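Trainee: This is the structure, below, for whatever I ask next.
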Amino acid sequence: MTGFSTLLYKEVLRFWKVSFQTVGAPVLTAVLYLMIFSHVLEEHVEVFAGVSYTSFLVPGLIMMSVLQNAFANSSSSLIQSKITGNLVFVLLPPISYREFYAAYVLASVLRGLFVGLGVGVAALPFVELSPPAPLWILVFALTGGAMLGSLGVVAGIWAEKFDQLAGFQNFLIMPLTMLSGVFYSIRSLPEFWQAISHFNPFFYMIDGFRYGFFGQSDVSPWASLGVVVVCLALVAGLTLNMLSRGYKLRG
Amino acid sequence: MTVPAIEVRGACKRYGDLRALDGVDLDVEGGEFFGLLGPNGAGKTTLISALAGLVRADAGSLKVMGHDVVSDYRNARRQLGVVPQELVFDPFFTVREALRIQSGYFGIRRNDDWIDEILGHLDLTAKADTNMRSLSGGMKRRVLVAQALVHRPPVIVLDEPTAGVDVELRQGLWQFVRRLNRDGHTVILTTHYLEEAETLCTRIAMLKSGRVVALDTTENLLARFATHTLRVRLASPLAADLGAVRQERGWLEFALERYDEVEGMLRRLREAGGEIVEMQLGEPDLETVFVGVMRA
Ligand SMILES: Nc1ncnc2c1ncn2[C@@H]1O[C@H](COP(=O)(O)OP(=O)(O)O)[C@@H](O)[C@H]1O
Ligand SMILES: [Mg+2]
């Protein structure tokens, strides 16, 4: 247990020591999105009845930040440790692969939550947030964050160079989060793209998360939770399998 | 019967076509100061990595203090402290933070007394609160040694700990490692400095292309393989090959089994037309053994 908690502590300390970049910068990015998009679209778009566009946008931006930062945390930590070689400090001690997994994913979730909270607080001057179903918010933040933290472990282990990781991030994670309905409701899309969006797990994370803020969503939060939990289970299974075999970590 | 500190049976590890370990059998008894020697690429680091669980052997079994490194990895790793060959460090932390974290990984919560003791022995006390990034190479190497010791492992493996380290630090390091050995720790050392191995190690294994090619006490190795050396500098190069084992900067070196062979060697040199300008006779040393074993 001490091995796990120390690894978790170390992973949290790692991003906390540079929180200006790991928490501050993504909060600023999200606020910039918020200012620009709400300025441009506020007058033109109404997604849910009685909900302004800016209010609609904020939960999506929060969740997008949670997801992207959860991924960034585990993936960048692992690739840095692999490239500098200091991952041996974690590989030499009697830490099981399950503890290893839990520590990296939990630290990623925490980073995601910190950033998400930061974005939420920074958005307060723009919108009024009084979520009717806060438990859903927490559930989706945790499961979505865990899934992305887990994907980050996969990417961090798989990638051998920083640009491979950047490829993973720019060509998979970014498009999937951007096209998940953060900036729009997928109902506003042509039918074909609506159908496609239903295959994007990120859509369910955003949609379910947003349900917590407005009590309305494109699909039922239970259905979204089902999809997210199944995806999380698949990614977790894959990651644990990689770790148990020592894939790329224990030659 | 006591269990050996290290027990390796038929260890194999391939990288593609390359056999990094090609059936290694090796026992190291508790309390030994053991040397693992071999040229670059012989498989020393691979063997250490397999013991530490950083690399999985394709075949064979490896045990640390009787614990299998795969099936009982937790106990095996608790018994083992490894100083890696590469000079690695975590730039996010100070020396003390790094050591506390390393202790935590091994399940030890409050370890400051022991950490302070290690820091003292390694002359790092003044650097305890310095960030790892700003330490010199030699200092980083010492922190690596400290990190390997936080959990007081009975078996300590040092993979070329003195490569690129200045003489003063080397002396200090050996003093400390010797002390650990006297206190009962088993020490396994790989080094390129054969004179270091000769003075420190009581038993030595020599590795070549993934195989153990010599394994004996340092004393026996010296007696069995080592030869006396005759070094001569000649006025002009020889046309004939008289079987010199080494040739550098005008000196020729011959390996002789016994002193009484000197006379015959000198005669053959004269017959070959060699005019001796300078001459030295050398005692058997590990370097000669090493060169001899690696040639065989
Ligand atoms: N990860 C790896 N992939 C491919 N070849 C490797 C790998 N690690 C080591 N080798 C090869 O295995 C051989 C043994 O290497 P190593 O154990 O580092 O030797 P030593 O420590 O004795 O210098 C070398 O030929 C080396 O190139
Ligand atoms: Mg080596």
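By convention in this document, the chains of the structure tokens carry letters A, B, ... by their order, each chain's residues are numbered from 1, and ligands are numbered from 1 in the order they are shown.
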Mind listing as a PDB file with all heavy atoms, in the first residue's frame which residues of chain A are within 8 Å of chain B, counting only C-alpha atoms?

Mentor:
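The new file out-v6.pdb reads:
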ATOM      1  N   MET A   1       0.832  -1.200   0.000  1.00  0.00           N
ATOM      2  CA  MET A   1       0.000   0.000   0.000  1.00  0.00           C
ATOM      3  C   MET A   1       0.868   1.253   0.000  1.00  0.00           C
ATOM      4  O   MET A   1       0.590   2.239  -0.694  1.00  0.00           O
ATOM      5  CB  MET A   1      -0.910  -0.040   1.243  1.00  0.00           C
ATOM      6  CG  MET A   1      -2.176   0.806   1.101  1.00  0.00           C
ATOM      7  SD  MET A   1      -3.016   0.596  -0.476  1.00  0.00           S
ATOM      8  CE  MET A   1      -3.886   2.141  -0.587  1.00  0.00           C
ATOM      9  N   THR A   2       1.954   1.230   0.780  1.00  0.00           N
ATOM     10  CA  THR A   2       2.847   2.386   0.826  1.00  0.00           C
ATOM     11  C   THR A   2       3.477   2.625  -0.540  1.00  0.00           C
ATOM     12  O   THR A   2       3.669   3.775  -0.949  1.00  0.00           O
ATOM     13  CB  THR A   2       3.946   2.157   1.878  1.00  0.00           C
ATOM     14  OG1 THR A   2       3.309   1.816   3.097  1.00  0.00           O
ATOM     15  CG2 THR A   2       4.759   3.419   2.098  1.00  0.00           C
ATOM     16  N   GLY A   3       3.782   1.532  -1.253  1.00  0.00           N
ATOM     17  CA  GLY A   3       4.358   1.680  -2.590  1.00  0.00           C
ATOM     18  C   GLY A   3       3.406   2.427  -3.497  1.00  0.00           C
ATOM     19  O   GLY A   3       3.783   3.393  -4.170  1.00  0.00           O
ATOM     20  N   PHE A   4       2.160   2.018  -3.476  1.00  0.00           N
ATOM     21  CA  PHE A   4       1.142   2.681  -4.292  1.00  0.00           C
ATOM     22  C   PHE A   4       0.980   4.142  -3.883  1.00  0.00           C
ATOM     23  O   PHE A   4       1.007   5.044  -4.722  1.00  0.00           O
ATOM     24  CB  PHE A   4      -0.197   1.940  -4.170  1.00  0.00           C
ATOM     25  CG  PHE A   4      -1.388   2.784  -4.519  1.00  0.00           C
ATOM     26  CD1 PHE A   4      -1.682   3.064  -5.849  1.00  0.00           C
ATOM     27  CD2 PHE A   4      -2.189   3.334  -3.524  1.00  0.00           C
ATOM     28  CE1 PHE A   4      -2.765   3.866  -6.180  1.00  0.00           C
ATOM     29  CE2 PHE A   4      -3.274   4.134  -3.847  1.00  0.00           C
ATOM     30  CZ  PHE A   4      -3.563   4.407  -5.182  1.00  0.00           C
ATOM     31  N   THR A   6       2.941   6.127  -2.321  1.00  0.00           N
ATOM     32  CA  THR A   6       4.121   6.941  -2.608  1.00  0.00           C
ATOM     33  C   THR A   6       4.187   7.285  -4.098  1.00  0.00           C
ATOM     34  O   THR A   6       4.498   8.420  -4.471  1.00  0.00           O
ATOM     35  CB  THR A   6       5.407   6.196  -2.210  1.00  0.00           C
ATOM     36  OG1 THR A   6       5.296   5.804  -0.852  1.00  0.00           O
ATOM     37  CG2 THR A   6       6.629   7.089  -2.382  1.00  0.00           C
ATOM     38  N   LEU A   7       3.873   6.307  -4.929  1.00  0.00           N
ATOM     39  CA  LEU A   7       3.899   6.564  -6.370  1.00  0.00           C
ATOM     40  C   LEU A   7       2.828   7.597  -6.738  1.00  0.00           C
ATOM     41  O   LEU A   7       3.064   8.502  -7.554  1.00  0.00           O
ATOM     42  CB  LEU A   7       3.693   5.256  -7.143  1.00  0.00           C
ATOM     43  CG  LEU A   7       3.789   5.330  -8.671  1.00  0.00           C
ATOM     44  CD1 LEU A   7       5.088   5.977  -9.119  1.00  0.00           C
ATOM     45  CD2 LEU A   7       3.672   3.928  -9.278  1.00  0.00           C
ATOM     46  N   LYS A  10       4.097  10.929  -5.584  1.00  0.00           N
ATOM     47  CA  LYS A  10       5.149  11.417  -6.476  1.00  0.00           C
ATOM     48  C   LYS A  10       4.551  11.954  -7.783  1.00  0.00           C
ATOM     49  O   LYS A  10       4.973  12.998  -8.279  1.00  0.00           O
ATOM     50  CB  LYS A  10       6.141  10.293  -6.761  1.00  0.00           C
ATOM     51  CG  LYS A  10       7.225  10.659  -7.751  1.00  0.00           C
ATOM     52  CD  LYS A  10       7.225   9.684  -8.897  1.00  0.00           C
ATOM     53  CE  LYS A  10       7.749  10.205 -10.171  1.00  0.00           C
ATOM     54  NZ  LYS A  10       7.486   9.371 -11.295  1.00  0.00           N
ATOM     55  N   ARG A  14       4.709  15.776  -8.956  1.00  0.00           N
ATOM     56  CA  ARG A  14       5.344  16.069 -10.228  1.00  0.00           C
ATOM     57  C   ARG A  14       4.565  17.153 -10.994  1.00  0.00           C
ATOM     58  O   ARG A  14       5.151  18.104 -11.488  1.00  0.00           O
ATOM     59  CB  ARG A  14       5.420  14.800 -11.083  1.00  0.00           C
ATOM     60  CG  ARG A  14       6.256  14.907 -12.320  1.00  0.00           C
ATOM     61  CD  ARG A  14       5.938  13.764 -13.267  1.00  0.00           C
ATOM     62  NE  ARG A  14       4.664  13.966 -13.904  1.00  0.00           N
ATOM     63  CZ  ARG A  14       4.484  14.586 -15.070  1.00  0.00           C
ATOM     64  NH1 ARG A  14       5.521  15.011 -15.742  1.00  0.00           N
ATOM     65  NH2 ARG A  14       3.286  14.757 -15.575  1.00  0.00           N
ATOM     66  N   LYS A  17       4.321  20.630  -8.789  1.00  0.00           N
ATOM     67  CA  LYS A  17       5.509  21.487  -8.752  1.00  0.00           C
ATOM     68  C   LYS A  17       5.590  22.401  -9.966  1.00  0.00           C
ATOM     69  O   LYS A  17       6.260  23.418  -9.927  1.00  0.00           O
ATOM     70  CB  LYS A  17       6.779  20.627  -8.684  1.00  0.00           C
ATOM     71  CG  LYS A  17       7.083  20.108  -7.304  1.00  0.00           C
ATOM     72  CD  LYS A  17       8.528  19.642  -7.202  1.00  0.00           C
ATOM     73  CE  LYS A  17       8.881  19.345  -5.754  1.00  0.00           C
ATOM     74  NZ  LYS A  17      10.324  19.222  -5.549  1.00  0.00           N
ATOM     75  N   SER A  81       9.842   9.822 -18.163  1.00  0.00           N
ATOM     76  CA  SER A  81      10.596   8.875 -17.341  1.00  0.00           C
ATOM     77  C   SER A  81      11.272   7.811 -18.182  1.00  0.00           C
ATOM     78  O   SER A  81      12.361   7.352 -17.861  1.00  0.00           O
ATOM     79  CB  SER A  81       9.669   8.188 -16.344  1.00  0.00           C
ATOM     80  OG  SER A  81       9.229   9.105 -15.395  1.00  0.00           O
ATOM     81  N   THR A  84      14.273   9.736 -20.113  1.00  0.00           N
ATOM     82  CA  THR A  84      15.397  10.075 -19.240  1.00  0.00           C
ATOM     83  C   THR A  84      15.923   8.845 -18.502  1.00  0.00           C
ATOM     84  O   THR A  84      17.016   8.880 -17.952  1.00  0.00           O
ATOM     85  CB  THR A  84      15.002  11.116 -18.182  1.00  0.00           C
ATOM     86  OG1 THR A  84      13.922  10.586 -17.427  1.00  0.00           O
ATOM     87  CG2 THR A  84      14.571  12.423 -18.818  1.00  0.00           C
ATOM     88  N   GLY A  85      15.164   7.766 -18.499  1.00  0.00           N
ATOM     89  CA  GLY A  85      15.639   6.528 -17.878  1.00  0.00           C
ATOM     90  C   GLY A  85      15.263   6.402 -16.414  1.00  0.00           C
ATOM     91  O   GLY A  85      15.519   5.376 -15.806  1.00  0.00           O
ATOM     92  N   ASN A  86      14.670   7.471 -15.827  1.00  0.00           N
ATOM     93  CA  ASN A  86      14.413   7.365 -14.384  1.00  0.00           C
ATOM     94  C   ASN A  86      13.195   6.504 -14.046  1.00  0.00           C
ATOM     95  O   ASN A  86      12.859   6.356 -12.869  1.00  0.00           O
ATOM     96  CB  ASN A  86      14.342   8.749 -13.724  1.00  0.00           C
ATOM     97  CG  ASN A  86      13.187   9.583 -14.218  1.00  0.00           C
ATOM     98  OD1 ASN A  86      12.088   9.073 -14.427  1.00  0.00           O
ATOM     99  ND2 ASN A  86      13.422  10.874 -14.403  1.00  0.00           N
ATOM    100  N   VAL A  88      13.353   3.498 -14.022  1.00  0.00           N
ATOM    101  CA  VAL A  88      13.912   2.368 -13.244  1.00  0.00           C
ATOM    102  C   VAL A  88      13.608   2.509 -11.758  1.00  0.00           C
ATOM    103  O   VAL A  88      13.447   1.513 -11.074  1.00  0.00           O
ATOM    104  CB  VAL A  88      15.449   2.170 -13.369  1.00  0.00           C
ATOM    105  CG1 VAL A  88      15.842   1.619 -14.708  1.00  0.00           C
ATOM    106  CG2 VAL A  88      16.206   3.391 -12.997  1.00  0.00           C
ATOM    107  N   PHE A  89      13.538   3.755 -11.285  1.00  0.00           N
ATOM    108  CA  PHE A  89      13.275   3.932  -9.854  1.00  0.00           C
ATOM    109  C   PHE A  89      11.922   3.353  -9.457  1.00  0.00           C
ATOM    110  O   PHE A  89      11.715   2.985  -8.308  1.00  0.00           O
ATOM    111  CB  PHE A  89      13.332   5.424  -9.479  1.00  0.00           C
ATOM    112  CG  PHE A  89      14.673   6.049  -9.746  1.00  0.00           C
ATOM    113  CD1 PHE A  89      14.763   7.326 -10.285  1.00  0.00           C
ATOM    114  CD2 PHE A  89      15.844   5.360  -9.480  1.00  0.00           C
ATOM    115  CE1 PHE A  89      15.994   7.908 -10.538  1.00  0.00           C
ATOM    116  CE2 PHE A  89      17.083   5.929  -9.737  1.00  0.00           C
ATOM    117  CZ  PHE A  89      17.163   7.203 -10.265  1.00  0.00           C
ATOM    118  N   VAL A  90      11.005   3.320 -10.409  1.00  0.00           N
ATOM    119  CA  VAL A  90       9.683   2.750 -10.146  1.00  0.00           C
ATOM    120  C   VAL A  90       9.658   1.256 -10.475  1.00  0.00           C
ATOM    121  O   VAL A  90       8.902   0.486  -9.900  1.00  0.00           O
ATOM    122  CB  VAL A  90       8.611   3.490 -10.982  1.00  0.00           C
ATOM    123  CG1 VAL A  90       7.234   2.915 -10.724  1.00  0.00           C
ATOM    124  CG2 VAL A  90       8.632   4.980 -10.665  1.00  0.00           C
ATOM    125  N   LEU A  91      10.519   0.853 -11.428  1.00  0.00           N
ATOM    126  CA  LEU A  91      10.502  -0.552 -11.859  1.00  0.00           C
ATOM    127  C   LEU A  91      11.296  -1.465 -10.921  1.00  0.00           C
ATOM    128  O   LEU A  91      11.031  -2.660 -10.854  1.00  0.00           O
ATOM    129  CB  LEU A  91      11.049  -0.669 -13.287  1.00  0.00           C
ATOM    130  CG  LEU A  91      10.227   0.044 -14.370  1.00  0.00           C
ATOM    131  CD1 LEU A  91      10.917  -0.056 -15.718  1.00  0.00           C
ATOM    132  CD2 LEU A  91       8.815  -0.529 -14.449  1.00  0.00           C
ATOM    133  N   LEU A  92      12.280  -0.901 -10.210  1.00  0.00           N
ATOM    134  CA  LEU A  92      13.088  -1.734  -9.316  1.00  0.00           C
ATOM    135  C   LEU A  92      12.356  -2.151  -8.031  1.00  0.00           C
ATOM    136  O   LEU A  92      12.551  -3.263  -7.569  1.00  0.00           O
ATOM    137  CB  LEU A  92      14.397  -1.009  -8.952  1.00  0.00           C
ATOM    138  CG  LEU A  92      15.453  -0.903 -10.061  1.00  0.00           C
ATOM    139  CD1 LEU A  92      16.599   0.009  -9.636  1.00  0.00           C
ATOM    140  CD2 LEU A  92      16.006  -2.279 -10.437  1.00  0.00           C
ATOM    141  N   PRO A  93      11.538  -1.285  -7.448  1.00  0.00           N
ATOM    142  CA  PRO A  93      10.881  -1.663  -6.193  1.00  0.00           C
ATOM    143  C   PRO A  93       9.767  -2.691  -6.385  1.00  0.00           C
ATOM    144  O   PRO A  93       9.312  -2.925  -7.500  1.00  0.00           O
ATOM    145  CB  PRO A  93      10.287  -0.337  -5.687  1.00  0.00           C
ATOM    146  CG  PRO A  93      10.935   0.732  -6.461  1.00  0.00           C
ATOM    147  CD  PRO A  93      11.283   0.127  -7.782  1.00  0.00           C
ATOM    148  N   PRO A  94       9.327  -3.285  -5.257  1.00  0.00           N
ATOM    149  CA  PRO A  94       8.277  -4.313  -5.337  1.00  0.00           C
ATOM    150  C   PRO A  94       6.881  -3.710  -5.497  1.00  0.00           C
ATOM    151  O   PRO A  94       6.007  -3.928  -4.684  1.00  0.00           O
ATOM    152  CB  PRO A  94       8.413  -5.034  -3.994  1.00  0.00           C
ATOM    153  CG  PRO A  94       8.999  -4.022  -3.079  1.00  0.00           C
ATOM    154  CD  PRO A  94       9.861  -3.129  -3.908  1.00  0.00           C
ATOM    155  N   ILE A  95       6.683  -2.936  -6.554  1.00  0.00           N
ATOM    156  CA  ILE A  95       5.371  -2.357  -6.835  1.00  0.00           C
ATOM    157  C   ILE A  95       4.708  -3.227  -7.900  1.00  0.00           C
ATOM    158  O   ILE A  95       5.294  -3.467  -8.946  1.00  0.00           O
ATOM    159  CB  ILE A  95       5.523  -0.901  -7.343  1.00  0.00           C
ATOM    160  CG1 ILE A  95       6.129  -0.023  -6.243  1.00  0.00           C
ATOM    161  CG2 ILE A  95       4.194  -0.340  -7.826  1.00  0.00           C
ATOM    162  CD1 ILE A  95       6.442   1.392  -6.687  1.00  0.00           C
ATOM    163  N   SER A  96       3.472  -3.677  -7.639  1.00  0.00           N
ATOM    164  CA  SER A  96       2.807  -4.549  -8.606  1.00  0.00           C
ATOM    165  C   SER A  96       2.301  -3.723  -9.778  1.00  0.00           C
ATOM    166  O   SER A  96       2.159  -2.507  -9.672  1.00  0.00           O
ATOM    167  CB  SER A  96       1.646  -5.276  -7.940  1.00  0.00           C
ATOM    168  OG  SER A  96       0.576  -4.371  -7.737  1.00  0.00           O
ATOM    169  N   LEU A 249       8.294  -2.080 -21.128  1.00  0.00           N
ATOM    170  CA  LEU A 249       8.846  -1.568 -19.880  1.00  0.00           C
ATOM    171  C   LEU A 249       9.853  -2.533 -19.284  1.00  0.00           C
ATOM    172  O   LEU A 249      10.863  -2.135 -18.731  1.00  0.00           O
ATOM    173  CB  LEU A 249       7.738  -1.317 -18.849  1.00  0.00           C
ATOM    174  CG  LEU A 249       6.750  -0.196 -19.153  1.00  0.00           C
ATOM    175  CD1 LEU A 249       5.813   0.007 -17.984  1.00  0.00           C
ATOM    176  CD2 LEU A 249       7.471   1.101 -19.477  1.00  0.00           C
ATOM    177  N   ARG A 250       9.544  -3.833 -19.377  1.00  0.00           N
ATOM    178  CA  ARG A 250      10.468  -4.829 -18.836  1.00  0.00           C
ATOM    179  C   ARG A 250      10.884  -5.764 -19.959  1.00  0.00           C
ATOM    180  O   ARG A 250      10.473  -6.914 -19.997  1.00  0.00           O
ATOM    181  CB  ARG A 250       9.799  -5.614 -17.703  1.00  0.00           C
ATOM    182  CG  ARG A 250       9.389  -4.731 -16.528  1.00  0.00           C
ATOM    183  CD  ARG A 250       8.854  -5.553 -15.387  1.00  0.00           C
ATOM    184  NE  ARG A 250       8.254  -4.710 -14.350  1.00  0.00           N
ATOM    185  CZ  ARG A 250       8.936  -4.190 -13.333  1.00  0.00           C
ATOM    186  NH1 ARG A 250      10.217  -4.418 -13.197  1.00  0.00           N
ATOM    187  NH2 ARG A 250       8.319  -3.449 -12.437  1.00  0.00           N
ATOM    188  N   GLY A 251      11.653  -5.237 -20.898  1.00  0.00           N
ATOM    189  CA  GLY A 251      12.169  -5.889 -22.096  1.00  0.00           C
ATOM    190  C   GLY A 251      11.921  -7.360 -22.182  1.00  0.00           C
ATOM    191  O   GLY A 251      12.718  -8.218 -22.080  1.00  0.00           O
TER     192      GLY A 251
END

Trainee: Which residues are near Phe214 in chain A? Cut-off 12 Å, only C-alpha atoms, ignore same chain within fewer than 6 positions. Put them as a ChimeraX atom specification.

Mentor: /A:47-52,55-60,128-134,136-137,207-208,221

Trainee: So the first atom is atom 5 (N, counted along the ligand's line) of ligand 1 and the second is CA of Arg19 in chain B; what is the distance between them in Å, to one decimal place?

Mentor: 8.8 Å

Trainee: Let me have all residues with an atom within 8 Å of ligand 1, counting only C-alpha atoms and all ligand atoms, laid out as a ChimeraX atom specification.

Mentor: /A:251 /B:14-16,18-21,37-48,159,207,209-210

Trainee: Among range 246-276 of chain B, which residues carry a DSSP assignment of strand (DSSP E), reported as a list of chain:residue names?

Mentor: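 Residues meeting the strand (DSSP E) criterion: B:Arg246, B:Gln247, B:Glu248, B:Trp251, B:Leu252, B:Glu253, B:Phe254, B:Ala255, B:Leu256, B:Ile276.
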
Trainee: Between B:Thr125, B:Ser136, B:Thr191, B:Ser71, which residue has the minimum interatomic distance to ligand 2, considering only C-alpha atoms and all ligand atoms?

Mentor: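 Closest to ligand 2 of all the choices is B:Thr191.
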
Trainee: Could you jot down the CA of His192 in chain B to CA of Ser134 in chain B separation for me, Å, one decimal place?

Mentor: 27.4 Å
